[in-house]
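Dropping protein.cif in here (mmCIF, C-alpha atoms (C1' of nucleotides)):
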data_structure
loop_
_atom_site.label_atom_id
_atom_site.label_comp_id
_atom_site.auth_asym_id
_atom_site.auth_seq_id
_atom_site.Cartn_x
_atom_site.Cartn_y
_atom_site.Cartn_z
CA MET A 1 130.73 118.23 78.79
CA LYS A 2 129.58 121.74 79.58
CA LYS A 3 130.93 123.30 82.79
CA LYS A 4 127.46 123.63 84.28
CA ASP A 5 126.86 119.91 83.81
CA GLN A 6 130.21 119.12 85.40
CA ILE A 7 129.25 121.15 88.44
CA VAL A 8 125.81 119.54 88.72
CA HIS A 9 127.37 116.10 88.38
CA ALA A 10 130.01 116.82 91.02
CA ALA A 11 127.32 118.17 93.34
CA ALA A 12 125.23 115.06 92.84
CA LYS A 13 128.16 112.89 93.85
CA LEU A 14 128.72 114.94 97.01
CA PHE A 15 125.03 114.99 97.89
CA GLU A 16 124.96 111.23 97.45
CA GLU A 17 127.97 110.63 99.69
CA ARG A 18 127.36 113.16 102.48
CA GLY A 19 123.81 114.37 101.95
CA TYR A 20 122.68 117.80 100.76
CA ALA A 21 122.89 119.64 104.09
CA ALA A 22 126.34 118.27 104.90
CA SER A 23 127.81 119.32 101.56
CA SER A 24 129.04 122.91 101.28
CA MET A 25 129.36 125.02 98.17
CA ARG A 26 133.10 125.08 98.88
CA ASP A 27 133.13 121.30 98.70
CA VAL A 28 131.39 121.48 95.34
CA ALA A 29 133.84 124.13 94.12
CA ASP A 30 136.85 122.06 95.23
CA SER A 31 135.68 118.98 93.36
CA VAL A 32 135.57 120.87 90.06
CA ASN A 33 138.74 122.89 90.79
CA LEU A 34 137.04 126.25 91.08
CA THR A 35 136.57 128.80 93.84
CA VAL A 36 133.16 129.21 95.42
CA SER A 37 132.46 132.52 93.78
CA SER A 38 133.15 131.12 90.33
CA LEU A 39 130.35 128.63 90.73
CA TYR A 40 127.83 131.45 90.64
CA ASN A 41 128.76 132.25 87.04
CA HIS A 42 127.16 128.93 86.10
CA ILE A 43 124.42 128.17 88.60
CA LYS A 44 122.01 130.26 90.62
CA GLY A 45 122.71 128.75 94.03
CA LYS A 46 122.84 125.61 96.13
CA ASP A 47 119.13 124.88 95.91
CA ASP A 48 119.41 125.30 92.16
CA LEU A 49 121.81 122.34 92.10
CA LEU A 50 119.39 120.14 94.01
CA ARG A 51 116.53 121.30 91.82
CA LEU A 52 118.35 120.38 88.61
CA ILE A 53 119.21 116.92 89.94
CA CYS A 54 115.76 116.10 91.28
CA PHE A 55 113.73 117.35 88.33
CA GLY A 56 116.18 115.90 85.84
CA ASN A 57 115.46 112.49 87.31
CA ALA A 58 111.74 113.12 87.56
CA GLU A 59 111.76 113.77 83.82
CA LYS A 60 113.65 110.55 83.12
CA PHE A 61 111.09 108.52 85.06
CA HIS A 62 108.26 110.35 83.36
CA ASP A 63 109.68 109.66 79.89
CA GLY A 64 110.39 106.07 80.88
CA ILE A 65 106.87 105.22 81.93
CA THR A 66 105.41 106.99 78.92
CA LYS A 67 107.49 104.74 76.67
CA VAL A 68 106.36 101.69 78.64
CA GLU A 69 102.71 102.62 78.21
CA HIS A 70 103.16 102.98 74.46
CA ALA A 71 105.36 99.93 73.93
CA HIS A 72 103.26 97.27 75.66
CA GLN A 73 99.57 96.46 75.46
CA ASP A 74 99.64 93.28 77.53
CA HIS A 75 99.04 94.16 81.18
CA GLU A 76 101.49 91.68 82.66
CA GLU A 77 104.19 92.64 80.19
CA ARG A 78 103.62 96.29 80.99
CA MET A 79 104.12 95.59 84.68
CA ARG A 80 107.36 93.77 84.02
CA ALA A 81 108.54 96.74 81.95
CA VAL A 82 107.87 99.17 84.79
CA VAL A 83 109.85 97.01 87.18
CA ARG A 84 112.69 96.82 84.68
CA LEU A 85 112.56 100.59 84.20
CA HIS A 86 113.14 101.15 87.90
CA ILE A 87 115.93 98.59 88.14
CA LEU A 88 117.75 100.04 85.14
CA MET A 89 117.32 103.63 86.35
CA SER A 90 118.83 102.61 89.69
CA LEU A 91 121.82 100.99 88.04
CA GLU A 92 122.50 103.44 85.22
CA HIS A 93 121.85 106.68 87.10
CA SER A 94 122.67 105.46 90.57
CA THR A 95 124.13 108.76 91.82
CA THR A 96 121.31 111.06 90.81
CA VAL A 97 118.63 108.52 91.67
CA THR A 98 120.00 108.30 95.20
CA VAL A 99 119.87 112.08 95.59
CA PHE A 100 116.42 112.07 93.99
CA ASN A 101 115.23 109.49 96.53
CA ASP A 102 116.87 110.79 99.70
CA GLU A 103 117.36 114.55 99.37
CA TRP A 104 114.24 115.88 97.67
CA ARG A 105 112.84 117.01 101.02
CA HIS A 106 115.46 119.79 101.07
CA LEU A 107 113.91 121.40 98.00
CA GLN A 108 112.52 124.86 98.67
CA GLU A 109 109.05 126.07 97.86
CA PRO A 110 107.50 126.27 95.38
CA HIS A 111 109.67 123.54 93.90
CA LEU A 112 108.98 121.19 96.81
CA SER A 113 105.22 121.24 96.22
CA PHE A 114 105.70 120.85 92.50
CA PHE A 115 107.99 117.88 93.06
CA LYS A 116 105.46 116.19 95.33
CA GLU A 117 102.74 116.73 92.75
CA LEU A 118 104.90 115.21 90.01
CA ARG A 119 105.55 112.18 92.19
CA ARG A 120 101.90 111.82 93.09
CA SER A 121 100.83 111.72 89.47
CA TYR A 122 103.66 109.31 88.61
CA GLU A 123 102.54 106.98 91.39
CA GLN A 124 99.00 107.09 90.00
CA ARG A 125 100.23 105.85 86.64
CA VAL A 126 102.24 103.02 88.18
CA LEU A 127 99.35 102.12 90.46
CA ARG A 128 97.06 101.78 87.47
CA ILE A 129 99.52 99.51 85.67
CA ILE A 130 99.88 97.28 88.72
CA LYS A 131 96.12 97.12 89.30
CA GLU A 132 95.51 96.09 85.68
CA GLY A 133 98.37 93.61 85.92
CA LEU A 134 96.84 92.05 89.04
CA ILE A 135 93.42 91.76 87.39
CA SER A 136 94.80 90.12 84.27
CA CYS A 137 96.49 87.55 86.54
CA GLY A 138 93.40 86.97 88.66
CA LYS A 139 95.00 88.42 91.80
CA GLU A 140 92.84 91.50 92.25
CA ASP A 141 92.46 90.79 95.98
CA ARG A 142 96.01 91.97 96.60
CA ASP A 143 96.82 95.50 97.85
CA ALA A 144 98.20 97.22 94.75
CA ARG A 145 99.43 100.27 96.60
CA LEU A 146 101.34 98.22 99.15
CA LEU A 147 102.91 96.23 96.34
CA MET A 148 103.87 99.40 94.48
CA TYR A 149 105.62 101.00 97.45
CA SER A 150 107.39 97.74 98.21
CA MET A 151 108.50 97.51 94.59
CA PHE A 152 109.91 101.04 94.61
CA SER A 153 111.62 100.46 97.92
CA SER A 154 112.98 96.99 97.30
CA ILE A 155 115.24 98.37 94.59
CA ASN A 156 116.75 101.18 96.65
CA TRP A 157 119.37 99.04 98.41
CA LEU A 158 121.14 98.54 95.06
CA HIS A 159 123.09 101.81 95.35
CA TYR A 160 124.40 100.93 98.78
CA SER A 161 125.77 97.48 98.08
CA ALA A 162 129.16 97.61 96.42
CA PHE A 163 128.84 93.86 95.90
CA TYR A 164 125.95 94.21 93.47
CA ARG A 165 126.73 97.67 92.13
CA ASN A 166 130.02 96.37 90.73
CA HIS A 167 128.79 92.86 90.01
CA PRO A 168 130.59 91.28 87.02
CA ASP A 169 127.32 89.97 85.58
CA ARG A 170 124.96 92.92 85.72
CA GLU A 171 122.45 91.26 83.40
CA ASP A 172 122.12 88.39 85.84
CA VAL A 173 121.46 90.76 88.76
CA VAL A 174 118.79 92.59 86.80
CA ARG A 175 117.12 89.32 85.83
CA ARG A 176 117.13 87.89 89.37
CA LEU A 177 115.84 91.12 90.89
CA GLU A 178 113.10 91.45 88.27
CA THR A 179 112.03 87.84 88.78
CA MET A 180 111.87 88.32 92.53
CA ILE A 181 109.77 91.48 92.34
CA ILE A 182 107.33 90.02 89.83
CA ARG A 183 107.04 86.97 92.08
CA ALA A 184 106.26 89.27 95.02
CA ILE A 185 103.47 90.89 93.01
CA ILE A 186 101.77 88.07 91.11
CA GLY A 187 103.46 84.88 92.41
CA ASP A 188 101.83 82.14 94.47
CA MET B 1 110.75 109.81 131.51
CA LYS B 2 114.25 111.02 132.36
CA LYS B 3 115.32 114.35 130.86
CA LYS B 4 118.14 112.75 128.89
CA ASP B 5 115.69 110.36 127.23
CA GLN B 6 113.37 113.25 126.40
CA ILE B 7 116.24 115.02 124.67
CA VAL B 8 117.29 111.94 122.72
CA HIS B 9 113.71 111.33 121.67
CA ALA B 10 113.22 114.92 120.55
CA ALA B 11 116.50 114.77 118.63
CA ALA B 12 115.42 111.56 116.92
CA LYS B 13 112.23 113.22 115.76
CA LEU B 14 114.15 116.17 114.33
CA PHE B 15 116.75 113.95 112.68
CA GLU B 16 113.92 111.95 111.13
CA GLU B 17 112.14 115.02 109.76
CA ARG B 18 115.07 117.16 108.58
CA GLY B 19 118.08 114.86 108.70
CA TYR B 20 121.02 115.01 111.12
CA ALA B 21 123.05 117.70 109.36
CA ALA B 22 120.07 120.00 108.89
CA SER B 23 119.06 119.83 112.56
CA SER B 24 120.81 122.23 114.92
CA MET B 25 121.37 121.85 118.63
CA ARG B 26 119.24 124.97 119.05
CA ASP B 27 116.39 123.15 117.29
CA VAL B 28 116.79 120.26 119.72
CA ALA B 29 116.87 122.63 122.68
CA ASP B 30 113.73 124.43 121.52
CA SER B 31 111.76 121.21 121.19
CA VAL B 32 112.39 120.31 124.84
CA ASN B 33 112.04 123.91 126.08
CA LEU B 34 115.66 124.38 127.09
CA THR B 35 118.50 126.63 125.97
CA VAL B 36 121.35 125.13 123.98
CA SER B 37 123.83 125.29 126.80
CA SER B 38 121.53 123.41 129.14
CA LEU B 39 121.56 120.42 126.82
CA TYR B 40 125.21 119.85 127.65
CA ASN B 41 124.35 119.07 131.25
CA HIS B 42 122.69 115.89 129.97
CA ILE B 43 124.48 114.81 126.81
CA LYS B 44 128.04 115.07 125.56
CA GLY B 45 127.32 116.63 122.19
CA LYS B 46 125.46 116.33 118.91
CA ASP B 47 127.23 113.18 117.76
CA ASP B 48 126.42 111.68 121.15
CA LEU B 49 122.72 112.02 120.33
CA LEU B 50 123.12 110.24 117.01
CA ARG B 51 125.24 107.55 118.67
CA LEU B 52 122.61 106.84 121.31
CA ILE B 53 119.86 106.56 118.70
CA CYS B 54 121.79 104.34 116.30
CA PHE B 55 123.26 101.94 118.84
CA GLY B 56 120.02 101.80 120.79
CA ASN B 57 118.33 100.46 117.68
CA ALA B 58 121.22 98.15 116.85
CA GLU B 59 120.73 96.57 120.25
CA LYS B 60 116.99 96.11 119.68
CA PHE B 61 117.62 94.32 116.40
CA HIS B 62 120.32 92.20 118.01
CA ASP B 63 118.05 91.17 120.87
CA GLY B 64 115.22 90.56 118.42
CA ILE B 65 117.10 88.14 116.22
CA THR B 66 118.55 86.33 119.23
CA LYS B 67 115.00 85.70 120.45
CA VAL B 68 114.01 84.48 117.00
CA GLU B 69 116.89 82.01 116.90
CA HIS B 70 115.90 80.61 120.29
CA ALA B 71 112.16 80.55 119.74
CA HIS B 72 111.98 78.70 116.44
CA GLN B 73 113.71 75.54 115.25
CA ASP B 74 111.85 75.16 111.95
CA HIS B 75 113.78 76.98 109.24
CA GLU B 76 110.81 78.39 107.38
CA GLU B 77 109.16 79.57 110.59
CA ARG B 78 112.41 81.22 111.63
CA MET B 79 112.52 83.12 108.36
CA ARG B 80 108.96 84.33 108.81
CA ALA B 81 109.85 85.48 112.32
CA VAL B 82 112.78 87.56 111.04
CA VAL B 83 110.55 89.24 108.49
CA ARG B 84 107.96 89.93 111.17
CA LEU B 85 110.68 91.32 113.45
CA HIS B 86 111.66 93.89 110.83
CA ILE B 87 108.09 94.88 110.05
CA LEU B 88 107.22 95.34 113.72
CA MET B 89 110.42 97.27 114.45
CA SER B 90 109.56 99.61 111.57
CA LEU B 91 106.07 100.22 112.87
CA GLU B 92 106.73 100.38 116.61
CA HIS B 93 109.96 102.36 116.54
CA SER B 94 109.43 104.17 113.28
CA THR B 95 111.24 107.36 114.29
CA THR B 96 114.47 105.86 115.55
CA VAL B 97 114.52 103.17 112.87
CA THR B 98 114.37 105.86 110.20
CA VAL B 99 117.32 107.70 111.77
CA PHE B 100 119.10 104.38 112.19
CA ASN B 101 118.61 103.63 108.49
CA ASP B 102 119.31 107.01 106.96
CA GLU B 103 121.66 108.93 109.26
CA TRP B 104 124.20 106.40 110.55
CA ARG B 105 126.75 107.61 108.01
CA HIS B 106 127.14 110.82 110.02
CA LEU B 107 128.52 108.86 112.98
CA GLN B 108 132.10 109.77 113.82
CA GLU B 109 134.98 107.38 114.19
CA PRO B 110 135.51 105.09 115.96
CA HIS B 111 131.75 104.66 116.34
CA LEU B 112 131.21 104.56 112.60
CA SER B 113 133.48 101.54 112.14
CA PHE B 114 131.96 99.81 115.13
CA PHE B 115 128.47 100.41 113.76
CA LYS B 116 129.42 98.96 110.38
CA GLU B 117 130.88 95.91 112.07
CA LEU B 118 127.70 95.39 114.10
CA ARG B 119 125.64 95.60 110.96
CA ARG B 120 127.91 93.22 109.10
CA SER B 121 127.60 90.55 111.77
CA TYR B 122 123.83 91.08 111.97
CA GLU B 123 123.53 90.60 108.22
CA GLN B 124 125.52 87.37 108.51
CA ARG B 125 122.98 85.99 110.97
CA VAL B 126 120.02 86.95 108.77
CA LEU B 127 121.77 85.58 105.71
CA ARG B 128 122.22 82.23 107.43
CA ILE B 129 118.55 82.07 108.38
CA ILE B 130 117.46 82.87 104.82
CA LYS B 131 119.87 80.35 103.31
CA GLU B 132 118.60 77.59 105.61
CA GLY B 133 115.04 78.65 104.89
CA LEU B 134 115.65 78.43 101.15
CA ILE B 135 117.19 74.97 101.49
CA SER B 136 114.32 73.64 103.57
CA CYS B 137 111.95 74.85 100.84
CA GLY B 138 114.02 73.41 98.01
CA LYS B 139 114.85 76.85 96.57
CA GLU B 140 118.59 76.89 97.20
CA ASP B 141 119.26 78.17 93.67
CA ARG B 142 118.03 81.63 94.66
CA ASP B 143 120.40 84.46 95.63
CA ALA B 144 119.99 84.69 99.40
CA ARG B 145 121.94 87.93 99.73
CA LEU B 146 119.86 89.66 97.08
CA LEU B 147 116.70 88.47 98.79
CA MET B 148 117.94 89.69 102.17
CA TYR B 149 118.75 93.20 100.99
CA SER B 150 115.44 93.39 99.16
CA MET B 151 113.66 92.24 102.30
CA PHE B 152 115.35 94.90 104.44
CA SER B 153 114.68 97.57 101.86
CA SER B 154 111.11 96.65 100.95
CA ILE B 155 110.00 97.56 104.46
CA ASN B 156 111.61 101.00 104.57
CA TRP B 157 108.82 102.79 102.71
CA LEU B 158 106.50 102.16 105.65
CA HIS B 159 107.74 105.23 107.57
CA TYR B 160 107.14 107.53 104.64
CA SER B 161 103.58 106.58 103.81
CA ALA B 162 101.08 108.29 106.10
CA PHE B 163 98.42 106.09 104.55
CA TYR B 164 99.86 102.88 106.00
CA ARG B 165 101.54 104.36 109.06
CA ASN B 166 98.16 105.45 110.39
CA HIS B 167 96.19 102.59 108.88
CA PRO B 168 93.14 101.66 110.98
CA ASP B 169 93.90 97.94 110.69
CA ARG B 170 97.59 97.64 111.49
CA GLU B 171 97.39 93.87 111.90
CA ASP B 172 96.13 93.57 108.35
CA VAL B 173 99.01 95.67 106.97
CA VAL B 174 101.55 93.53 108.83
CA ARG B 175 99.96 90.34 107.54
CA ARG B 176 99.83 91.50 103.91
CA LEU B 177 103.38 92.79 103.96
CA GLU B 178 104.70 89.62 105.59
CA THR B 179 102.88 87.45 103.07
CA MET B 180 104.28 89.46 100.18
CA ILE B 181 107.87 89.27 101.41
CA ILE B 182 107.71 85.55 102.13
CA ARG B 183 106.25 85.08 98.66
CA ALA B 184 109.16 87.04 97.20
CA ILE B 185 111.62 84.74 98.95
CA ILE B 186 110.13 81.25 98.66
CA GLY B 187 107.07 81.68 96.42
CA ASP B 188 106.61 80.28 92.92
"C1'" DG C 1 121.73 126.11 159.01
"C1'" DA C 2 125.62 124.93 156.01
"C1'" DT C 3 127.22 122.36 152.07
"C1'" DT C 4 126.89 120.06 147.90
"C1'" DC C 5 125.50 119.50 143.43
"C1'" DA C 6 122.51 118.74 139.52
"C1'" DA C 7 120.17 121.68 136.27
"C1'" DG C 8 119.23 125.78 134.33
"C1'" DC C 9 120.84 130.28 131.84
"C1'" DA C 10 123.26 134.36 128.97
"C1'" DA C 11 127.13 135.44 126.54
"C1'" DA C 12 130.76 134.53 123.91
"C1'" DC C 13 133.98 131.60 120.94
"C1'" DA C 14 135.95 130.35 116.50
"C1'" DA C 15 134.75 128.03 112.56
"C1'" DC C 16 131.82 127.52 108.77
"C1'" DT C 17 127.65 128.66 105.89
"C1'" DG C 18 125.60 130.58 101.17
"C1'" DT C 19 126.01 134.49 98.67
"C1'" DT C 20 127.53 139.12 96.70
"C1'" DC C 21 130.72 142.48 95.13
"C1'" DG C 22 134.28 144.55 92.31
"C1'" DT C 23 138.04 143.23 89.62
"C1'" DT C 24 140.86 140.71 86.33
"C1'" DT C 25 141.74 137.69 82.55
"C1'" DA C 26 141.31 135.90 78.01
"C1'" DA C 27 138.87 135.02 74.02
"C1'" DT C 28 135.56 136.58 70.56
"C1'" DA C 29 133.06 140.12 67.67
"C1'" DA C 30 132.89 144.55 65.53
"C1'" DT D 1 142.37 148.01 67.19
"C1'" DT D 2 138.58 148.43 70.08
"C1'" DA D 3 134.55 146.74 72.47
"C1'" DT D 4 132.09 143.04 74.50
"C1'" DT D 5 131.50 139.31 77.22
"C1'" DA D 6 131.92 134.84 79.62
"C1'" DA D 7 134.50 132.95 83.28
"C1'" DA D 8 137.61 133.05 86.76
"C1'" DC D 9 139.12 135.14 91.37
"C1'" DG D 10 139.90 137.28 96.42
"C1'" DA D 11 137.68 139.49 99.91
"C1'" DA D 12 134.06 140.37 102.50
"C1'" DC D 13 129.05 139.97 104.18
"C1'" DA D 14 125.78 138.55 107.70
"C1'" DG D 15 124.02 134.58 109.64
"C1'" DT D 16 124.43 129.95 111.70
"C1'" DT D 17 127.00 126.16 113.59
"C1'" DG D 18 128.58 123.18 117.95
"C1'" DT D 19 130.61 123.99 122.08
"C1'" DT D 20 132.63 126.28 126.40
"C1'" DT D 21 132.64 129.34 130.16
"C1'" DG D 22 131.16 131.41 134.35
"C1'" DC D 23 127.24 132.21 136.97
"C1'" DT D 24 122.69 131.44 139.34
"C1'" DT D 25 119.16 128.72 141.34
"C1'" DG D 26 116.84 125.43 144.18
"C1'" DA D 27 116.54 121.15 146.21
"C1'" DA D 28 118.74 117.37 148.60
"C1'" DT D 29 122.26 115.87 151.99
"C1'" DC D 30 125.08 116.41 155.96
#
Represent the structure of the file as structure tokens.
Amino acid sequence: MKKKDQIVHAAAKLFEERGYAASSMRDVADSVNLTVSSLYNHIKGKDDLLRLICFGNAEKFHDGITKVEHAHQDHEERMRAVVRLHILMSLEHSTTVTVFNDEWRHLQEPHLSFFKELRRSYEQRVLRIIKEGLISCGKEDRDARLLMYSMFSSINWLHYSAFYRNHPDREDVVRRLETMIIRAIIGD
Amino acid sequence: MKKKDQIVHAAAKLFEERGYAASSMRDVADSVNLTVSSLYNHIKGKDDLLRLICFGNAEKFHDGITKVEHAHQDHEERMRAVVRLHILMSLEHSTTVTVFNDEWRHLQEPHLSFFKELRRSYEQRVLRIIKEGLISCGKEDRDARLLMYSMFSSINWLHYSAFYRNHPDREDVVRRLETMIIRAIIGD
DNA sequence: GATTCAAGCAAACAACTGTTCGTTTAATAA
DNA sequence: TTATTAAACGAACAGTTGTTTGCTTGAATC
């Protein structure tokens, strides 16, 4: 792995554990066995680290939902795929997703505004999928936006629980969580 | 309101907006029109502020669930009451609940350990209520712990969404959210 | 009127922050 | 061999951090 990627990865781990503001560049340097000044041969600065982490994840979500839209025509199946996308992202990229979720507000302008815009347009795509899913199930009276935010949020605890993060049967956890969320959206 | 409470409240608002580590004592002082040094006539230090906020909320949740246990005998009704407790806490004390949720990790020992222990015992009480609720609905095959964490988490987005935080019909939001969560737990 | 004391302030503290600078090392290209 | 360059470093920078100190004020208590 390239040195720059090592640094970004180490930073992500620190930002996840202590938060962006509570992590110093010296902490980052220590965890890759470098001095602070050496870091600047590879990255532009502290905000650069956060930027790389946040937008790297934004791209993964973007690519993920694009695949979902192409892979499924059935509205209900599409909805299930979005839910699964979020669960799998949370489990497979738990460190960066946590930073992405909790630390994006420390981004500096103009990156902050750009990030918000990316998220807004992503939410629009998910909202559309959920709305169409609700209609095809005859549940169009339900508040799609409320369901979407709850869906996003109800997955976030995964990072924090060691019990489930290191669960021996990961497939089972994914299945149970997916079932629960789909039930919350279109169940009776 | 007593000066100390004003300071704690102002600190909570800053911690909510920028996070604990990114908020300075000078920021806190400014937002109550004092100088930094004057703050120390009222509070012990920065970690004292966080401690007051976190444990103040812990107490509210503790009192809340104790009331729920005394007020309802029916298992399903008890479960609904716990869900409603969390929704109402999130709406009525949105600032401190956000700090409570996101910034507790910056507590110092021995308060940090004590906080974790409080949370652990609180989770045990909620877990029991959910398990009994599941049994009384004939759904004891479901993972109560997974449902509990999802329930906690699925409410957290409320603070972040201006759309719902300032919704004209708050009662309606509470009702829809409660219905959705109960459906996630015991629905079909 | 004298005393006490909470509540405010300016100034300073040592430690830590992100970043820059000039230099050195070691490997590659010419 | 010489020249180039990426990658490491120590030292220093200017600013910010939480906190302490000594001092002043004004109101309450004796």
For the structure shown, which residues end up in the PyMOL selection byres ((chain B) within 10 of (chain C))? Put them as a list in words, please?
->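 Here the PyMOL selection byres ((chain B) within 10 of (chain C)) matches Leu34, Thr35, Val36, Ser37, Ser38, Leu39, Asn41 and His42 of chain B.
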What's the 8 Å shell around B:Arg78, counting all atoms listed in the file, without same-chain residues fewer than 5 positions away, as a CSV table (one decimal) with C-alpha atoms, in the frame of the given file?
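Contents of part.csv, as written:
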chain,number,residue,atom,x,y,z
B,68,VAL,CA,114.0,84.5,117.0
B,69,GLU,CA,116.9,82.0,116.9
B,72,HIS,CA,112.0,78.7,116.4
B,73,GLN,CA,113.7,75.5,115.2
B,129,ILE,CA,118.6,82.1,108.4
B,133,GLY,CA,115.0,78.6,104.9
Just say which residues the PyMOL selection byres ((chain B) within 8 of (chain D)) picks in this file, as a list in words.
->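 Taken over the shown coordinates, the PyMOL selection byres ((chain B) within 8 of (chain D)) returns Ser24, Met25, Gly45 and Lys46 of chain B.
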Closest atom pairs, chain A residues within 7 Å of chain B, only C-alpha atoms, as a Markdown table:
| residue | atom | partner | partner_atom | distance |
| --- | --- | --- | --- | --- |
| A:Ala21 | CA | B:Ala22 | CA | 5.6 |
| A:Ala22 | CA | B:Ala21 | CA | 5.6 |
| A:Tyr149 | CA | B:Trp157 | CA | 6.4 |
| A:Ser150 | CA | B:Ser154 | CA | 4.7 |
| A:Met151 | CA | B:Ser154 | CA | 6.9 |
| A:Ser153 | CA | B:Ser154 | CA | 4.9 |
| A:Ser154 | CA | B:Ser154 | CA | 4.1 |
| A:Ile155 | CA | B:Ser150 | CA | 6.8 |
| A:Asn156 | CA | B:Ser153 | CA | 6.7 |
| A:Trp157 | CA | B:Ser153 | CA | 6.0 |
| A:Met180 | CA | B:Ala184 | CA | 5.5 |
| A:Ile181 | CA | B:Ala184 | CA | 6.6 |
| A:Arg183 | CA | B:Ala184 | CA | 5.5 |
| A:Ala184 | CA | B:Ala184 | CA | 4.3 |
| A:Gly187 | CA | B:Asp188 | CA | 5.6 |
| A:Asp188 | CA | B:Asp188 | CA | 5.4 |
Would you kindly return, as a list of chain:residue names, each protein, DNA or RNA residue with an atom no farther than 12 Å from any atom of B:Lys60, considering only C-alpha atoms (C1' of nucleotides) and excluding same-chain residues fewer than 6 positions away?
->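 Everything that qualifies: B:Ile53, B:Cys54, B:Thr66, B:Lys67, B:Leu85, B:His86, B:Leu88, B:Met89, B:Ser90, B:Glu92, B:His93, B:Thr96, B:Val97, B:Phe100, B:Tyr122.
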Using the chain letters and numbers from the file, give me the residues hit by the PyMOL selection byres ((chain B and resi 123-127) around 9), as a list in words.
-> Ile65, Met79, Val82, Leu118, Arg119, Arg120, Ser121, Tyr122, Arg128, Ile129, Ile130, Lys131, Glu132, Ala144, Arg145 and Met148 of chain B
To one decimal in Å, tell me the separation between atom CA of B:His159 and atom CA of B:Val99.
->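 Those two atoms sit 10.7 Å apart.
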Could you tell me how far atom CA of B:Lys4 lies from atom CA of B:Gln108, in Å and to one decimal?
->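 Separation of atom CA of B:Lys4 and atom CA of B:Gln108: 20.8 Å.
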Pick out the closest residue to A:Lys116 from this set: A:Ser136, A:Asn101, A:Gln6, A:Asn166. Count only C-alpha atoms.
->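 Of A:Ser136, A:Asn101, A:Gln6, A:Asn166, the one nearest A:Lys116 is A:Asn101, counting only C-alpha atoms.
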Give me, please, the distance in Å between atom CA of B:Leu49 and atom CA of B:Val8, quoted to one decimal.
->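 If I compute the distance from atom CA of B:Leu49 to atom CA of B:Val8, I get 5.9 Å.
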Stretch 35-44 of chain B rebuilt with N, CA, C and O atoms, output as a compact mmCIF listing (two decimals), in the coordinates of the input:
# COMPACT_ATOMS: atom_id res chain seq x y z
N THR B 35 117.53 125.89 126.79
CA THR B 35 118.50 126.63 125.97
C THR B 35 119.60 125.65 125.56
O THR B 35 119.76 124.60 126.18
N VAL B 36 120.33 126.03 124.52
CA VAL B 36 121.35 125.13 123.98
C VAL B 36 122.31 124.67 125.06
O VAL B 36 122.63 123.49 125.17
N SER B 37 122.78 125.63 125.83
CA SER B 37 123.83 125.29 126.80
C SER B 37 123.36 124.29 127.85
O SER B 37 124.14 123.49 128.34
N SER B 38 122.07 124.34 128.14
CA SER B 38 121.53 123.41 129.14
C SER B 38 121.58 121.97 128.67
O SER B 38 121.68 121.04 129.49
N LEU B 39 121.51 121.78 127.36
CA LEU B 39 121.56 120.42 126.82
C LEU B 39 122.81 119.69 127.29
O LEU B 39 122.79 118.50 127.58
N TYR B 40 123.91 120.47 127.38
CA TYR B 40 125.21 119.85 127.65
C TYR B 40 125.37 119.39 129.09
O TYR B 40 126.37 118.79 129.44
N ASN B 41 124.36 119.67 129.92
CA ASN B 41 124.35 119.07 131.25
C ASN B 41 123.86 117.62 131.21
O ASN B 41 124.02 116.88 132.17
N HIS B 42 123.29 117.22 130.06
CA HIS B 42 122.69 115.89 129.97
C HIS B 42 123.36 114.99 128.94
O HIS B 42 123.42 113.78 129.12
N ILE B 43 123.84 115.61 127.87
CA ILE B 43 124.48 114.81 126.81
C ILE B 43 125.82 115.43 126.44
O ILE B 43 126.07 116.60 126.71
N LYS B 44 126.67 114.62 125.84
CA LYS B 44 128.04 115.07 125.56
C LYS B 44 128.12 116.01 124.37
O LYS B 44 128.97 116.90 124.33
